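**Q** Quick one, run-v2.txt (compact mmCIF, C-alpha atoms and all ligand atoms):
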```txt
# COMPACT_ATOMS: atom_id res chain seq x y z
CA MET A 1 -20.55 146.23 220.67
CA SER A 2 -20.39 147.80 224.13
CA THR A 3 -19.16 151.33 223.73
CA LYS A 4 -19.08 151.87 227.50
CA ASP A 5 -16.62 149.05 228.11
CA SER A 6 -13.87 150.74 230.09
CA ARG A 7 -11.76 147.62 230.66
CA ARG A 8 -8.12 148.00 229.79
CA ASN A 9 -6.76 146.16 226.77
CA ILE A 10 -4.59 143.45 228.30
CA ARG A 11 -2.20 143.58 225.34
CA GLU A 12 -0.96 146.91 226.65
CA LEU A 13 0.95 144.92 229.29
CA ASP A 14 4.40 143.64 228.39
CA TYR A 15 5.79 140.38 229.77
CA GLU A 16 6.76 141.96 233.10
CA GLY A 17 3.31 143.50 233.35
CA ILE A 18 1.61 140.15 232.75
CA LYS A 19 3.84 138.54 235.37
CA ALA A 20 2.95 141.19 237.94
CA LEU A 21 -0.75 140.84 237.12
CA VAL A 22 -0.74 137.06 237.44
CA GLU A 23 1.13 137.25 240.75
CA SER A 24 -1.26 139.91 242.07
CA LEU A 25 -4.11 137.48 241.44
CA GLY A 26 -2.37 134.89 243.60
CA GLU A 27 -1.53 132.58 240.70
CA LYS A 28 1.63 130.56 240.18
CA SER A 29 4.16 132.42 238.05
CA PHE A 30 4.19 129.87 235.19
CA ARG A 31 0.66 131.03 234.41
CA ALA A 32 2.21 134.26 233.14
CA LYS A 33 3.95 132.39 230.35
CA GLN A 34 0.72 130.61 229.40
CA LEU A 35 -1.28 133.82 229.37
CA TYR A 36 1.37 135.73 227.42
CA ASP A 37 1.50 132.90 224.92
CA TRP A 38 -2.26 133.01 224.35
CA LEU A 39 -2.15 136.77 223.87
CA HIS A 40 0.97 137.20 221.76
CA VAL A 41 1.71 133.88 220.06
CA LYS A 42 -1.61 132.10 219.65
CA CYS A 43 -3.41 135.39 219.02
CA ALA A 44 -6.44 134.48 221.13
CA ASP A 45 -9.59 136.49 220.54
CA GLY A 46 -10.85 136.80 224.13
CA PHE A 47 -10.19 134.84 227.33
CA GLY A 48 -12.74 132.15 226.49
CA GLU A 49 -10.23 130.30 224.30
CA MET A 50 -7.60 130.05 227.00
CA THR A 51 -8.73 126.64 228.11
CA ASP A 52 -5.60 125.67 230.04
CA LEU A 53 -6.23 128.54 232.46
CA SER A 54 -8.75 127.91 235.21
CA LEU A 55 -12.24 129.29 234.78
CA SER A 56 -11.87 131.40 237.91
CA LEU A 57 -8.67 133.02 236.63
CA ARG A 58 -10.29 133.70 233.28
CA GLN A 59 -13.26 135.30 235.01
CA LYS A 60 -11.02 137.53 237.11
CA LEU A 61 -9.12 138.63 234.02
CA GLU A 62 -12.30 139.17 232.06
CA ALA A 63 -13.70 141.46 234.74
CA ALA A 64 -10.86 143.94 234.45
CA TYR A 65 -9.33 143.41 231.01
CA ASP A 66 -10.29 143.06 227.38
CA ALA A 67 -8.48 140.48 225.23
CA SER A 68 -10.61 140.68 222.10
CA LEU A 69 -9.18 141.40 218.66
CA PRO A 70 -10.65 144.01 216.33
CA GLU A 71 -13.35 142.83 213.97
CA ALA A 72 -12.60 142.85 210.23
CA VAL A 73 -15.70 144.65 208.96
CA LYS A 74 -14.55 144.46 205.37
CA ILE A 75 -11.92 142.44 203.53
CA GLN A 76 -11.01 143.14 199.91
CA GLU A 77 -8.83 140.79 197.94
CA SER A 78 -7.02 141.87 194.80
CA LYS A 79 -7.75 139.70 191.80
CA LEU A 80 -4.47 140.85 190.30
CA ASP A 81 -1.99 139.75 192.95
CA GLY A 82 -3.76 138.34 196.03
CA THR A 83 -3.06 141.42 198.13
CA LYS A 84 -5.69 141.72 200.86
CA LYS A 85 -6.90 144.83 202.54
CA TYR A 86 -8.68 144.68 205.89
CA LEU A 87 -10.89 147.35 207.37
CA PHE A 88 -10.91 146.87 211.15
CA ALA A 89 -13.39 148.34 213.61
CA LEU A 90 -11.78 149.31 216.91
CA LYS A 91 -13.55 149.14 220.25
CA ASP A 92 -14.75 152.75 220.04
CA GLY A 93 -16.05 152.20 216.51
CA GLN A 94 -13.13 153.92 214.76
CA LEU A 95 -11.99 152.33 211.51
CA ILE A 96 -8.43 151.57 210.43
CA GLU A 97 -6.84 149.68 207.54
CA ALA A 98 -4.14 147.08 207.26
CA VAL A 99 -2.86 145.34 204.14
CA LYS A 100 -1.36 141.88 203.65
CA MET A 101 1.01 141.23 200.77
CA GLU A 102 2.58 137.90 199.88
CA TYR A 103 6.06 137.77 198.45
CA HIS A 104 8.33 134.85 197.71
CA HIS A 105 10.24 135.58 200.93
CA GLY A 106 7.20 135.68 203.18
CA VAL A 107 4.10 137.49 204.27
CA SER A 108 4.29 141.21 204.81
CA VAL A 109 1.69 143.31 206.61
CA CYS A 110 1.31 147.07 206.41
CA ILE A 111 -0.26 148.53 209.56
CA SER A 112 -1.85 151.81 210.57
CA THR A 113 -0.43 153.74 213.52
CA GLN A 114 -3.08 156.43 213.97
CA VAL A 115 -6.75 156.98 213.17
CA GLY A 116 -6.36 159.67 210.50
CA CYS A 117 -3.28 161.86 210.28
CA ARG A 118 -2.44 165.52 210.85
CA MET A 119 0.56 165.81 208.53
CA GLY A 120 -1.49 167.14 205.62
CA CYS A 121 0.45 165.74 202.64
CA ALA A 122 -1.28 166.88 199.45
CA PHE A 123 -1.38 163.46 197.76
CA CYS A 124 -2.50 161.39 200.75
CA ALA A 125 -6.06 160.24 201.48
CA SER A 126 -5.32 159.50 205.15
CA THR A 127 -4.98 163.11 206.07
CA LEU A 128 -8.20 164.41 204.53
CA GLY A 129 -10.19 164.23 207.76
CA GLY A 130 -7.29 165.17 210.04
CA LEU A 131 -6.11 163.20 213.06
CA VAL A 132 -8.82 161.52 215.12
CA ARG A 133 -6.61 159.78 217.67
CA ASN A 134 -3.46 157.77 218.20
CA LEU A 135 -3.50 153.99 218.16
CA SER A 136 -2.27 152.26 221.30
CA ARG A 137 0.51 149.67 221.21
CA ALA A 138 -2.17 147.03 221.81
CA GLU A 139 -4.19 148.17 218.80
CA MET A 140 -1.12 148.04 216.55
CA LEU A 141 -0.28 144.55 217.82
CA SER A 142 -3.88 143.52 217.27
CA GLU A 143 -3.73 144.41 213.57
CA ILE A 144 -0.95 141.84 213.21
CA TYR A 145 -2.63 139.27 215.43
CA ALA A 146 -6.04 139.55 213.77
CA ILE A 147 -4.49 138.98 210.34
CA THR A 148 -2.33 136.10 211.60
CA ARG A 149 -5.52 134.50 212.86
CA LEU A 150 -7.57 135.15 209.76
CA GLU A 151 -4.86 133.89 207.43
CA GLY A 152 -3.47 131.09 209.60
CA LYS A 153 0.00 132.12 208.50
CA ARG A 154 3.05 133.50 210.22
CA ILE A 155 3.75 137.11 209.32
CA SER A 156 7.42 137.66 208.56
CA ASN A 157 7.64 141.36 207.75
CA ILE A 158 5.92 144.51 208.94
CA VAL A 159 5.80 147.93 207.36
CA MET A 160 4.45 150.85 209.37
CA MET A 161 3.14 152.61 206.28
CA GLY A 162 -0.61 152.51 206.74
CA ILE A 163 -2.74 155.35 208.05
CA GLY A 164 -0.94 157.78 210.32
CA GLU A 165 2.53 159.13 211.05
CA PRO A 166 4.27 156.65 213.37
CA LEU A 167 6.74 159.21 214.74
CA ASP A 168 3.82 161.49 215.66
CA ASN A 169 2.74 158.64 217.98
CA TYR A 170 6.27 157.93 219.08
CA ASP A 171 5.90 156.24 222.47
CA GLU A 172 3.22 153.80 221.38
CA ALA A 173 4.98 153.03 218.10
CA VAL A 174 8.25 152.24 219.88
CA ALA A 175 6.49 150.19 222.57
CA PHE A 176 4.85 148.26 219.73
CA LEU A 177 8.25 147.60 218.15
CA HIS A 178 9.64 146.24 221.41
CA MET A 179 6.65 143.97 221.96
CA ILE A 180 6.31 142.60 218.42
CA SER A 181 10.02 141.72 218.39
CA ASP A 182 9.94 140.12 221.87
CA GLU A 183 11.13 136.56 221.49
CA ARG A 184 8.48 135.36 223.94
CA GLY A 185 5.84 136.84 221.64
CA MET A 186 5.62 137.13 217.83
CA ASN A 187 9.39 137.40 217.68
CA ILE A 188 9.54 139.40 214.46
CA SER A 189 13.07 140.70 214.07
CA PRO A 190 13.40 144.51 213.93
CA ARG A 191 15.42 143.91 210.76
CA ASN A 192 12.21 142.74 209.13
CA ILE A 193 10.32 145.85 210.17
CA THR A 194 10.19 149.16 208.30
CA ILE A 195 8.99 152.38 209.86
CA SER A 196 7.99 155.06 207.39
CA THR A 197 8.01 158.76 208.24
CA CYS A 198 7.22 162.00 206.46
CA GLY A 199 10.35 163.33 208.15
CA LEU A 200 9.93 164.33 211.79
CA VAL A 201 13.59 165.03 212.55
CA PRO A 202 13.46 164.81 216.38
CA GLY A 203 11.67 161.45 216.11
CA ILE A 204 14.28 160.08 213.71
CA MET A 205 17.08 161.16 216.07
CA LYS A 206 15.35 159.58 219.04
CA LEU A 207 14.62 156.35 217.19
CA ALA A 208 18.29 156.03 216.32
CA GLU A 209 18.99 155.69 220.06
CA GLU A 210 16.47 152.91 220.75
CA LYS A 211 18.78 150.02 219.84
CA LEU A 212 16.11 148.74 217.49
CA PRO A 213 17.65 148.07 214.08
CA VAL A 214 14.48 148.77 212.12
CA THR A 215 14.65 150.01 208.54
CA LEU A 216 13.79 153.66 208.16
CA ALA A 217 11.83 154.78 205.11
CA LEU A 218 11.81 158.50 204.52
CA SER A 219 8.92 159.84 202.48
CA LEU A 220 10.91 162.42 200.60
CA HIS A 221 8.80 163.05 197.49
CA ALA A 222 10.73 166.17 196.45
CA ALA A 223 14.42 166.93 196.44
CA ASP A 224 14.27 170.66 196.97
CA ASP A 225 12.70 172.53 199.87
CA GLU A 226 10.34 174.75 197.88
CA LYS A 227 8.75 171.87 196.00
CA ARG A 228 8.59 169.77 199.12
CA LYS A 229 6.78 172.55 201.00
CA LYS A 230 4.16 172.63 198.26
CA ILE A 231 3.17 169.00 198.75
CA MET A 232 4.23 168.30 202.35
CA PRO A 233 3.48 170.85 205.09
CA VAL A 234 6.04 169.14 207.37
CA ALA A 235 8.75 170.54 205.06
CA LYS A 236 8.05 173.97 206.56
CA SER A 237 9.38 172.69 209.87
CA TYR A 238 12.40 170.68 208.70
CA SER A 239 14.62 171.38 205.73
CA ILE A 240 15.99 168.67 203.48
CA ALA A 241 19.48 169.44 204.81
CA GLU A 242 18.28 168.74 208.37
CA LEU A 243 16.57 165.58 207.17
CA MET A 244 19.72 164.30 205.47
CA GLU A 245 21.68 164.93 208.66
CA ALA A 246 19.13 162.94 210.65
CA CYS A 247 19.26 160.09 208.11
CA ASP A 248 23.05 160.03 208.21
CA SER A 249 23.02 159.85 211.95
CA TYR A 250 20.39 157.08 211.84
CA PHE A 251 22.56 155.07 209.48
CA GLU A 252 25.66 155.66 211.59
CA LYS A 253 23.97 154.51 214.80
CA THR A 254 21.97 151.56 213.47
CA GLY A 255 23.91 150.42 210.41
CA ARG A 256 20.60 150.15 208.60
CA ARG A 257 20.31 151.33 205.03
CA ILE A 258 17.61 153.95 204.58
CA SER A 259 15.07 154.07 201.82
CA PHE A 260 13.76 157.22 200.21
CA GLU A 261 10.15 157.00 199.09
CA TYR A 262 9.39 159.20 196.12
CA ALA A 263 5.84 159.38 194.75
CA LEU A 264 6.04 160.58 191.17
CA ILE A 265 3.40 163.23 190.49
CA LYS A 266 2.94 164.47 186.96
CA GLY A 267 4.16 168.01 186.50
CA GLU A 268 5.12 168.41 190.18
CA ASN A 269 8.28 166.44 190.91
CA ASP A 270 9.02 164.40 187.79
CA SER A 271 11.31 166.65 185.71
CA ASP A 272 14.91 165.91 184.69
CA GLU A 273 16.04 168.49 187.17
CA ASP A 274 14.09 166.76 189.94
CA ALA A 275 15.78 163.48 189.06
CA ALA A 276 19.21 165.12 189.11
CA ARG A 277 18.57 166.69 192.52
CA LEU A 278 17.28 163.42 193.94
CA ALA A 279 20.31 161.59 192.57
CA GLY A 280 22.49 164.20 194.24
CA LEU A 281 20.97 163.40 197.63
CA ALA A 282 20.93 159.64 197.17
CA ALA A 283 24.27 158.99 195.48
CA LYS A 284 26.38 160.04 198.41
CA ARG A 285 24.51 157.89 200.89
CA ARG A 286 23.70 154.20 201.27
CA VAL A 287 20.08 154.60 200.41
CA HIS A 288 17.61 152.83 198.24
CA VAL A 289 15.16 154.94 196.26
CA ASN A 290 11.63 153.63 195.83
CA LEU A 291 9.72 155.34 193.07
CA ILE A 292 5.94 155.10 193.36
CA PRO A 293 3.77 156.45 190.56
CA VAL A 294 1.35 158.44 192.71
CA ASN A 295 -1.87 156.64 193.40
CA PRO A 296 -4.44 159.10 192.09
CA VAL A 297 -6.61 160.57 194.84
CA THR A 298 -9.59 162.16 193.13
CA GLU A 299 -10.12 164.75 195.88
CA ARG A 300 -6.64 166.10 195.18
CA GLY A 301 -6.55 166.11 191.39
CA LEU A 302 -3.03 164.67 191.23
CA THR A 303 -2.07 162.22 188.50
CA GLN A 304 0.84 159.93 187.72
CA PRO A 305 3.33 160.34 184.89
CA ASP A 306 3.00 157.71 182.13
CA GLY A 307 5.08 154.54 182.13
CA ALA A 308 7.74 155.89 179.79
CA ALA A 309 8.27 158.97 181.96
CA VAL A 310 8.58 156.80 185.08
CA ARG A 311 11.17 154.59 183.37
CA ALA A 312 13.12 157.62 182.17
CA PHE A 313 13.17 159.05 185.69
CA LEU A 314 14.40 155.72 187.03
CA LYS A 315 17.14 155.54 184.42
CA LYS A 316 18.40 159.02 185.34
CA LEU A 317 18.88 157.82 188.90
CA GLN A 318 20.53 154.57 187.89
CA ASP A 319 22.88 156.40 185.53
CA LYS A 320 24.18 158.25 188.59
CA ASN A 321 24.72 154.94 190.41
CA VAL A 322 21.72 155.28 192.66
CA THR A 323 20.05 152.05 193.70
CA ALA A 324 16.47 152.62 192.72
CA THR A 325 13.37 150.63 191.83
CA VAL A 326 9.83 151.37 190.83
CA ARG A 327 7.65 149.92 193.51
CA ARG A 328 5.28 147.25 192.31
CA GLU A 329 1.82 148.62 192.71
CA LEU A 330 0.11 145.85 194.59
CA GLY A 331 -3.60 145.96 195.14
CA ARG A 332 -4.42 148.76 192.72
CA ASP A 333 -7.90 147.38 192.25
CA ILE A 334 -8.68 147.44 196.00
CA ASP A 335 -7.90 151.03 196.97
CA GLY A 336 -4.38 150.01 197.91
CA ALA A 337 -3.13 153.52 198.65
CA CYS A 338 -3.12 154.37 202.28
CA GLY A 339 -6.32 155.75 203.70
CA GLN A 340 -8.40 155.13 200.59
CA LEU A 341 -10.53 152.30 201.92
CA ARG A 342 -11.23 153.99 205.25
CA ARG A 343 -12.03 157.20 203.42
CA LYS A 344 -14.59 155.47 201.22
CA SER A 345 -16.24 153.83 204.20
CA LEU A 346 -16.73 157.07 206.16
N1 LIG B 401 3.22 158.95 207.59
C1 LIG B 401 4.17 157.99 207.14
C2 LIG B 401 3.60 156.64 206.84
C3 LIG B 401 2.27 156.55 206.14
S1 LIG B 401 2.22 156.96 204.43
C4 LIG B 401 4.92 158.54 205.94
O1 LIG B 401 4.64 159.64 205.53
O2 LIG B 401 5.85 157.91 205.48
C5 LIG B 401 3.00 155.63 203.63
C6 LIG B 401 3.62 156.00 202.30
O3 LIG B 401 2.61 156.13 201.28
C7 LIG B 401 4.36 157.32 202.34
O4 LIG B 401 5.56 157.23 201.63
C8 LIG B 401 3.37 158.22 201.67
O5 LIG B 401 3.98 159.38 201.23
C9 LIG B 401 2.83 157.33 200.58
N2 LIG B 401 1.58 157.76 199.96
C10 LIG B 401 0.52 158.35 200.52
N3 LIG B 401 -0.42 158.63 199.60
C11 LIG B 401 0.06 158.20 198.43
C12 LIG B 401 -0.46 158.20 197.10
N4 LIG B 401 -1.63 158.73 196.82
N5 LIG B 401 0.33 157.66 196.15
C13 LIG B 401 1.53 157.12 196.43
N6 LIG B 401 2.06 157.10 197.66
C14 LIG B 401 1.33 157.64 198.64
```
Would you mind writing the file's structure down as structure tokens?
Ligand code: SAH

**A**
Amino acid sequence: MSTKDSRRNIRELDYEGIKALVESLGEKSFRAKQLYDWLHVKCADGFGEMTDLSLSLRQKLEAAYDASLPEAVKIQESKLDGTKKYLFALKDGQLIEAVKMEYHHGVSVCISTQVGCRMGCAFCASTLGGLVRNLSRAEMLSEIYAITRLEGKRISNIVMMGIGEPLDNYDEAVAFLHMISDERGMNISPRNITISTCGLVPGIMKLAEEKLPVTLALSLHAADDEKRKKIMPVAKSYSIAELMEACDSYFEKTGRRISFEYALIKGENDSDEDAARLAGLAAKRRVHVNLIPVNPVTERGLTQPDGAAVRAFLKKLQDKNVTATVRRELGRDIDGACGQLRRKSL
């Protein structure tokens, strides 16, 4: 691995950028389509594979740009459900995780958006070492492309729920969304993409204006401000009332139903009163509540309520006509919770 490689990642260029590059090298414009296709449809790992481009063009590109995909340094496959977790090494040696899950409706991949995270949620392993750096649009695309290549399968759904807070890396995350949904590239419809946030209100408001009908998942985890502040530092900046306003405006502008993520933590947010408060927020909106028994993170000493308590909590929501489900815990045996695999490898 050459750590001093300062070449730009060519996947940072969108279609117009590739066109301009190809023209600047004195090539015919149809070469742009070929090159873009290799990069964003065929998921080439380097210029060497692009055999319908002339050797001289490939050499010119190679001199200034990098087209390699990140290396999967570790792959864990769940024996329970086939979920696969990939640990990727980036060019500067940083490690990130992505997860592939297979459902009857297709293949879904969960990607990271930052190396580490600075949001500080009490139950989350990704935040333990703080934020190292943002991922570029090209690095986010490359998570998808590397898995497409390894699996030889088309990916149909994306969730931005891996390491990092996507709205804390807003410009790159949105550029990624535009590029992954480009019909000349992977062409994954924004409707099949979910962006998950701990609740950065200005980011939610801005995203609502992007004309990208992606599903918004709000990591709520507590239905009153005091409890939320105890487990999520971001709650000190934005109240639940402000968050609900942002969600309402997101729904109004995009028509997309929002989902509330709620990690059940024993003794913290799993009481009858918590359920009633959560139902109060959810019942008046078109939201779907996802309950997730918290994935224990030993460093934090937080545990999940038992199965009966989870079912009782769910029933309280459903009795108030809230659409709610308990999320299937895929990949429990492979450190499925975000940040756990990277954490163990550091
Ligand atoms: N920063 C974004 C996306 C990454 S976290 C966000 O906060 O939404 C993805 C989801 O996993 C979030 O809902 C997060 O709260 C949840 N999560 C993190 N650690 C968890 C754990 N130990 N158990 C259950 N869910 C967890």

**Q** Show me the residues around (7.0, 154.8, 222.0) - criterion: an atom at most 12 Å away, all atoms listed in the file counted - as a ChimeraX atom specification.

**A** /A:113,134-137,140,166-179,203,206-207,210,212

**Q** Return as a list of chain:residue names the residues of protein, DNA or RNA that approach ligand LIG 401 (chain B) to within 6 Å, with only C-alpha atoms and all ligand atoms taken into account.

**A** A:Phe123, A:Cys124, A:Met161, A:Gly162, A:Ile163, A:Gly164, A:Glu165, A:Ser196, A:Thr197, A:Cys198, A:Ser219, A:Glu261, A:Ala263, A:Ile292, A:Val294, A:Asn295, A:Pro296, A:Val297, A:Ala337, A:Cys338

**Q** My list of candidates is A:Arg58, A:Arg11, A:Arg228, A:Lys320. Which is closest to Leu25 (chain A) when distances are computed with all atoms listed in the file?

**A**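 Result for the nearest residue to Leu25 (chain A): A:Arg58.
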
**Q** Closest to Asn9 (chain A) among A:Leu35, A:Ile111, A:Ala138, A:Met186, using all atoms listed in the file?

**A**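 That would be A:Ala138, the residue with the smallest distance to Asn9 (chain A).
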
**Q** Quick one: of A:Leu21, A:Ala276, A:Ala283, A:Leu53, who's nearest to Ala312 (chain A), counting all atoms listed in the file?

**A**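 Ranked by minimum distance to Ala312 (chain A), first place goes to A:Ala276.
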
**Q** Give as a PyMOL selection string each residue that has an atom at most 9 Å from (-9.5, 137.8, 210.2) in the file, counting all atoms listed in the file.

**A** chain A and resi 70-72+75+86+145-151

**Q** I need the residue nearest Val289 (chain A) from this list: A:Lys229, A:Arg277, A:Arg154, A:Arg327. Use all atoms listed in the file for the distance.

**A**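 Answer, going by the shortest atom-to-atom distance: A:Arg327.
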
**Q** Give me region 176-186 of chain A with all heavy atoms filled in, as a PDB file, in the frame of the given file.

**A**
```pdb
ATOM      1  N   PHE A 176       5.285 149.305 220.658  1.00  0.00           N
ATOM      2  CA  PHE A 176       4.850 148.260 219.730  1.00  0.00           C
ATOM      3  C   PHE A 176       6.054 147.505 219.171  1.00  0.00           C
ATOM      4  O   PHE A 176       6.069 146.268 219.118  1.00  0.00           O
ATOM      5  CB  PHE A 176       4.015 148.861 218.591  1.00  0.00           C
ATOM      6  CG  PHE A 176       3.902 147.981 217.378  1.00  0.00           C
ATOM      7  CD1 PHE A 176       3.005 146.928 217.354  1.00  0.00           C
ATOM      8  CD2 PHE A 176       4.719 148.191 216.269  1.00  0.00           C
ATOM      9  CE1 PHE A 176       2.919 146.092 216.237  1.00  0.00           C
ATOM     10  CE2 PHE A 176       4.644 147.366 215.154  1.00  0.00           C
ATOM     11  CZ  PHE A 176       3.741 146.307 215.141  1.00  0.00           C
ATOM     12  N   LEU A 177       7.065 148.239 218.740  1.00  0.00           N
ATOM     13  CA  LEU A 177       8.250 147.600 218.150  1.00  0.00           C
ATOM     14  C   LEU A 177       8.919 146.650 219.144  1.00  0.00           C
ATOM     15  O   LEU A 177       9.324 145.543 218.788  1.00  0.00           O
ATOM     16  CB  LEU A 177       9.256 148.671 217.690  1.00  0.00           C
ATOM     17  CG  LEU A 177       8.852 149.473 216.451  1.00  0.00           C
ATOM     18  CD1 LEU A 177       9.803 150.655 216.229  1.00  0.00           C
ATOM     19  CD2 LEU A 177       8.828 148.585 215.210  1.00  0.00           C
ATOM     20  N   HIS A 178       9.024 147.106 220.399  1.00  0.00           N
ATOM     21  CA  HIS A 178       9.640 146.240 221.410  1.00  0.00           C
ATOM     22  C   HIS A 178       8.812 144.979 221.621  1.00  0.00           C
ATOM     23  O   HIS A 178       9.339 143.877 221.729  1.00  0.00           O
ATOM     24  CB  HIS A 178       9.804 146.988 222.737  1.00  0.00           C
ATOM     25  CG  HIS A 178      10.975 147.936 222.729  1.00  0.00           C
ATOM     26  ND1 HIS A 178      12.278 147.495 222.685  1.00  0.00           N
ATOM     27  CD2 HIS A 178      11.040 149.290 222.746  1.00  0.00           C
ATOM     28  CE1 HIS A 178      13.097 148.547 222.673  1.00  0.00           C
ATOM     29  NE2 HIS A 178      12.363 149.652 222.704  1.00  0.00           N
ATOM     30  N   MET A 179       7.493 145.137 221.663  1.00  0.00           N
ATOM     31  CA  MET A 179       6.650 143.970 221.960  1.00  0.00           C
ATOM     32  C   MET A 179       6.552 143.003 220.793  1.00  0.00           C
ATOM     33  O   MET A 179       6.581 141.785 220.983  1.00  0.00           O
ATOM     34  CB  MET A 179       5.257 144.428 222.411  1.00  0.00           C
ATOM     35  CG  MET A 179       5.313 145.046 223.814  1.00  0.00           C
ATOM     36  SD  MET A 179       3.702 145.611 224.403  1.00  0.00           S
ATOM     37  CE  MET A 179       2.946 144.052 224.876  1.00  0.00           C
ATOM     38  N   ILE A 180       6.465 143.508 219.567  1.00  0.00           N
ATOM     39  CA  ILE A 180       6.310 142.600 218.420  1.00  0.00           C
ATOM     40  C   ILE A 180       7.613 141.842 218.156  1.00  0.00           C
ATOM     41  O   ILE A 180       7.614 140.772 217.568  1.00  0.00           O
ATOM     42  CB  ILE A 180       5.813 143.360 217.156  1.00  0.00           C
ATOM     43  CG1 ILE A 180       5.178 142.402 216.145  1.00  0.00           C
ATOM     44  CG2 ILE A 180       6.928 144.139 216.471  1.00  0.00           C
ATOM     45  CD1 ILE A 180       3.827 141.893 216.491  1.00  0.00           C
ATOM     46  N   SER A 181       8.741 142.411 218.608  1.00  0.00           N
ATOM     47  CA  SER A 181      10.020 141.720 218.390  1.00  0.00           C
ATOM     48  C   SER A 181      10.443 140.896 219.604  1.00  0.00           C
ATOM     49  O   SER A 181      11.477 140.228 219.569  1.00  0.00           O
ATOM     50  CB  SER A 181      11.101 142.736 217.991  1.00  0.00           C
ATOM     51  OG  SER A 181      11.235 143.734 218.973  1.00  0.00           O
ATOM     52  N   ASP A 182       9.647 140.916 220.665  1.00  0.00           N
ATOM     53  CA  ASP A 182       9.940 140.120 221.870  1.00  0.00           C
ATOM     54  C   ASP A 182       9.965 138.640 221.501  1.00  0.00           C
ATOM     55  O   ASP A 182       9.026 138.121 220.892  1.00  0.00           O
ATOM     56  CB  ASP A 182       8.844 140.394 222.909  1.00  0.00           C
ATOM     57  CG  ASP A 182       9.095 139.672 224.232  1.00  0.00           C
ATOM     58  OD1 ASP A 182       9.966 138.764 224.292  1.00  0.00           O
ATOM     59  OD2 ASP A 182       8.412 140.018 225.206  1.00  0.00           O
ATOM     60  N   GLU A 183      11.033 137.972 221.894  1.00  0.00           N
ATOM     61  CA  GLU A 183      11.130 136.560 221.490  1.00  0.00           C
ATOM     62  C   GLU A 183      10.115 135.662 222.193  1.00  0.00           C
ATOM     63  O   GLU A 183       9.830 134.555 221.728  1.00  0.00           O
ATOM     64  CB  GLU A 183      12.546 136.015 221.616  1.00  0.00           C
ATOM     65  CG  GLU A 183      13.295 136.503 222.808  1.00  0.00           C
ATOM     66  CD  GLU A 183      14.782 136.186 222.730  1.00  0.00           C
ATOM     67  OE1 GLU A 183      15.397 136.446 221.664  1.00  0.00           O
ATOM     68  OE2 GLU A 183      15.295 135.679 223.739  1.00  0.00           O
ATOM     69  N   ARG A 184       9.541 136.141 223.288  1.00  0.00           N
ATOM     70  CA  ARG A 184       8.480 135.360 223.940  1.00  0.00           C
ATOM     71  C   ARG A 184       7.131 135.571 223.266  1.00  0.00           C
ATOM     72  O   ARG A 184       6.154 134.913 223.574  1.00  0.00           O
ATOM     73  CB  ARG A 184       8.381 135.744 225.420  1.00  0.00           C
ATOM     74  CG  ARG A 184       9.645 135.398 226.208  1.00  0.00           C
ATOM     75  CD  ARG A 184       9.729 136.186 227.493  1.00  0.00           C
ATOM     76  NE  ARG A 184       9.849 137.615 227.242  1.00  0.00           N
ATOM     77  CZ  ARG A 184      10.249 138.512 228.143  1.00  0.00           C
ATOM     78  NH1 ARG A 184      10.539 138.131 229.376  1.00  0.00           N
ATOM     79  NH2 ARG A 184      10.341 139.790 227.837  1.00  0.00           N
ATOM     80  N   GLY A 185       7.076 136.542 222.344  1.00  0.00           N
ATOM     81  CA  GLY A 185       5.840 136.840 221.640  1.00  0.00           C
ATOM     82  C   GLY A 185       5.958 136.469 220.160  1.00  0.00           C
ATOM     83  O   GLY A 185       6.436 135.391 219.816  1.00  0.00           O
ATOM     84  N   MET A 186       5.569 137.387 219.285  1.00  0.00           N
ATOM     85  CA  MET A 186       5.620 137.130 217.830  1.00  0.00           C
ATOM     86  C   MET A 186       7.034 136.972 217.314  1.00  0.00           C
ATOM     87  O   MET A 186       7.260 136.372 216.270  1.00  0.00           O
ATOM     88  CB  MET A 186       4.986 138.282 217.068  1.00  0.00           C
ATOM     89  CG  MET A 186       3.535 138.135 216.738  1.00  0.00           C
ATOM     90  SD  MET A 186       3.206 136.863 215.513  1.00  0.00           S
ATOM     91  CE  MET A 186       1.618 136.373 216.086  1.00  0.00           C
TER      92      MET A 186
END
```
